[in-house]
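Student: Below is a structure I'd like to ask you about.
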Amino acid sequence: MAASSRAQVLDLYRVMLRESGKFTSYNYRTYAIRRIREAFRENKNVKDSAQIQMLVNKAKRNLEIIRRQQMCIASRACPQRKRLCPRLDKPECEV
């Protein structure tokens with residue numbers, strides 16, 4: 001692997017781990033980090049530059065998915081729910 005290719009892969013690996021660490025949910029965070037580590041370990045012995053470039057492009061697409069997923073989760077973290085009634089002390093209201 002060329003030095004620039006190696007640096008690019010390592011940088012992408014670090015960015016993916018850093019972005020995955022931003023998930024607020026423990027389950028999302030640990031799953032993403034585990035999958036990233038597994039994928040990079042599986043492909044650490046790839047020597048073909050075309051194959052490496054294909055895997056880098058796939059990782060970049062996955063990084064964009066991680067970033068979009070974080071935005072979706074963050075926007076749902078504090079949803080604005082309508083209340084069925086303005087006060088809870090009214091017996092005819094359901095919560």
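Naming works like this for the structure tokens: A, B, ... for the chains as they're shown, residue 1 at the start of each chain, ligands 1 onward in shown order.
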Could you pull the residues within 12 Å of A:Ser4, counting only C-alpha atoms, minus those fewer than 3 positions along the same chain, as a ChimeraX atom specification?
Tutor: /A:1,7-11,49,52-53
Student: Would you write out those residues with all heavy atoms, as a short mmCIF file (atom, residue, chain, number, x, y, z; two decimals), in the first residue's frame?
Tutor:
```cif
data_model
loop_
_atom_site.label_atom_id
_atom_site.label_comp_id
_atom_site.auth_asym_id
_atom_site.auth_seq_id
_atom_site.Cartn_x
_atom_site.Cartn_y
_atom_site.Cartn_z
N MET A 1 0.85 -1.17 0.00
CA MET A 1 0.00 0.00 0.00
C MET A 1 0.89 1.23 0.00
O MET A 1 1.83 1.32 0.77
CB MET A 1 -0.90 -0.03 1.25
CG MET A 1 -1.86 1.11 1.30
SD MET A 1 -2.88 1.24 2.81
CE MET A 1 -3.43 -0.37 3.14
N ALA A 7 -2.14 6.57 4.62
CA ALA A 7 -2.52 7.73 5.42
C ALA A 7 -4.01 8.05 5.24
O ALA A 7 -4.71 8.37 6.19
CB ALA A 7 -1.67 8.93 5.05
N GLN A 8 -4.48 7.92 4.01
CA GLN A 8 -5.88 8.18 3.72
C GLN A 8 -6.78 7.18 4.45
O GLN A 8 -7.80 7.55 5.04
CB GLN A 8 -6.13 8.11 2.22
CG GLN A 8 -7.54 8.38 1.79
CD GLN A 8 -7.75 8.18 0.31
OE1 GLN A 8 -6.97 7.49 -0.36
NE2 GLN A 8 -8.81 8.77 -0.21
N VAL A 9 -6.39 5.92 4.42
CA VAL A 9 -7.18 4.87 5.08
C VAL A 9 -7.18 5.09 6.59
O VAL A 9 -8.23 5.00 7.23
CB VAL A 9 -6.63 3.48 4.71
CG1 VAL A 9 -7.26 2.40 5.58
CG2 VAL A 9 -6.88 3.19 3.24
N LEU A 10 -6.03 5.37 7.17
CA LEU A 10 -5.96 5.59 8.61
C LEU A 10 -6.77 6.81 9.03
O LEU A 10 -7.44 6.80 10.07
CB LEU A 10 -4.50 5.72 9.07
CG LEU A 10 -3.69 4.43 9.02
CD1 LEU A 10 -2.23 4.72 9.36
CD2 LEU A 10 -4.27 3.38 9.96
N ASP A 11 -6.70 7.86 8.22
CA ASP A 11 -7.47 9.07 8.52
C ASP A 11 -8.97 8.78 8.46
O ASP A 11 -9.73 9.20 9.34
CB ASP A 11 -7.10 10.18 7.54
CG ASP A 11 -7.78 11.48 7.88
OD1 ASP A 11 -7.69 11.90 9.06
OD2 ASP A 11 -8.40 12.09 6.98
N SER A 49 -4.38 -1.98 -5.37
CA SER A 49 -4.74 -0.57 -5.22
C SER A 49 -6.17 -0.28 -5.69
O SER A 49 -6.84 0.57 -5.12
CB SER A 49 -3.75 0.32 -5.97
OG SER A 49 -3.76 0.01 -7.34
N ILE A 52 -8.36 -1.44 -2.87
CA ILE A 52 -8.24 -0.49 -1.76
C ILE A 52 -9.08 0.75 -2.04
O ILE A 52 -9.82 1.22 -1.17
CB ILE A 52 -6.77 -0.11 -1.50
CG1 ILE A 52 -6.01 -1.31 -0.96
CG2 ILE A 52 -6.67 1.08 -0.54
CD1 ILE A 52 -4.51 -1.11 -0.89
N GLN A 53 -9.00 1.27 -3.27
CA GLN A 53 -9.77 2.46 -3.61
C GLN A 53 -11.27 2.19 -3.53
O GLN A 53 -12.04 3.03 -3.08
CB GLN A 53 -9.39 2.96 -5.02
CG GLN A 53 -9.91 4.33 -5.34
CD GLN A 53 -9.43 5.37 -4.33
OE1 GLN A 53 -8.27 5.41 -3.95
NE2 GLN A 53 -10.34 6.20 -3.87
#
```
Student: Just the residues within 9 Å of stretch 17-28 of chain A, please, counting only C-alpha atoms, with nothing from its chain fewer than 6 positions along; format it as a VMD selection string.
Tutor: chain A and resid 36 to 37 63 66 to 67 69 to 70 73 to 74
Student: Output the selection as a PDB file, in the first residue's frame - N, CA and C atoms for each residue.
Tutor:
```
ATOM      1  N   ILE A  36     -17.064  -0.980  12.356  1.00  0.00           N
ATOM      2  CA  ILE A  36     -15.950  -0.286  11.706  1.00  0.00           C
ATOM      3  C   ILE A  36     -14.652  -1.035  11.960  1.00  0.00           C
ATOM      4  N   ARG A  37     -14.413  -1.393  13.203  1.00  0.00           N
ATOM      5  CA  ARG A  37     -13.181  -2.119  13.535  1.00  0.00           C
ATOM      6  C   ARG A  37     -13.109  -3.455  12.813  1.00  0.00           C
ATOM      7  N   LEU A  63     -19.458   6.580   5.968  1.00  0.00           N
ATOM      8  CA  LEU A  63     -19.255   7.735   6.843  1.00  0.00           C
ATOM      9  C   LEU A  63     -20.384   8.742   6.663  1.00  0.00           C
ATOM     10  N   ILE A  66     -23.364   7.436   8.461  1.00  0.00           N
ATOM     11  CA  ILE A  66     -23.223   7.647   9.904  1.00  0.00           C
ATOM     12  C   ILE A  66     -23.591   9.084  10.261  1.00  0.00           C
ATOM     13  N   ARG A  67     -23.098  10.031   9.490  1.00  0.00           N
ATOM     14  CA  ARG A  67     -23.392  11.449   9.762  1.00  0.00           C
ATOM     15  C   ARG A  67     -24.872  11.747   9.597  1.00  0.00           C
ATOM     16  N   GLN A  69     -27.312   9.592   9.895  1.00  0.00           N
ATOM     17  CA  GLN A  69     -28.009   8.895  10.976  1.00  0.00           C
ATOM     18  C   GLN A  69     -27.937   9.685  12.278  1.00  0.00           C
ATOM     19  N   GLN A  70     -26.795  10.297  12.539  1.00  0.00           N
ATOM     20  CA  GLN A  70     -26.656  11.116  13.742  1.00  0.00           C
ATOM     21  C   GLN A  70     -27.629  12.282  13.703  1.00  0.00           C
ATOM     22  N   ILE A  73     -31.174  10.966  14.392  1.00  0.00           N
ATOM     23  CA  ILE A  73     -31.352  10.627  15.807  1.00  0.00           C
ATOM     24  C   ILE A  73     -31.385  11.896  16.649  1.00  0.00           C
ATOM     25  N   ALA A  74     -30.527  12.847  16.344  1.00  0.00           N
ATOM     26  CA  ALA A  74     -30.479  14.090  17.110  1.00  0.00           C
ATOM     27  C   ALA A  74     -31.773  14.878  16.950  1.00  0.00           C
TER      28      ALA A  74
END
```
Student: So that I can check the surroundings of A:Phe40, please list as a list in words every protein, DNA and RNA residue that reaches within 12 Å of it, counting only C-alpha atoms and ignoring chain neighbours fewer than 2 positions away.
Tutor: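 Here the qualifying residues turn out to be Val9, Leu10, Leu12, Tyr13, Arg14, Met16, Leu17, Ile33, Arg34, Arg35, Ile36, Arg37, Glu38, Glu42, Asn43, Lys44, Asn45, Val46, Ile52, Leu55, Val56, Lys58 and Ala59 of chain A.
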Student: In Å, how far is it from atom CA of A:Cys72 to atom CA of A:Tyr31?
Tutor: 16.9 Å
Student: Could you please determine the separation between atom CA of A:Ile65 and atom CA of A:Ala32 in Å, to one decimal place?
Tutor: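 That distance, rounded to one decimal, is 11.0 Å.
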Student: What does the distance from atom CA of A:Thr30 to atom CA of A:Lys47 come to in Å, to one decimal?
Tutor: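 Here the two named atoms are 28.9 Å from each other.
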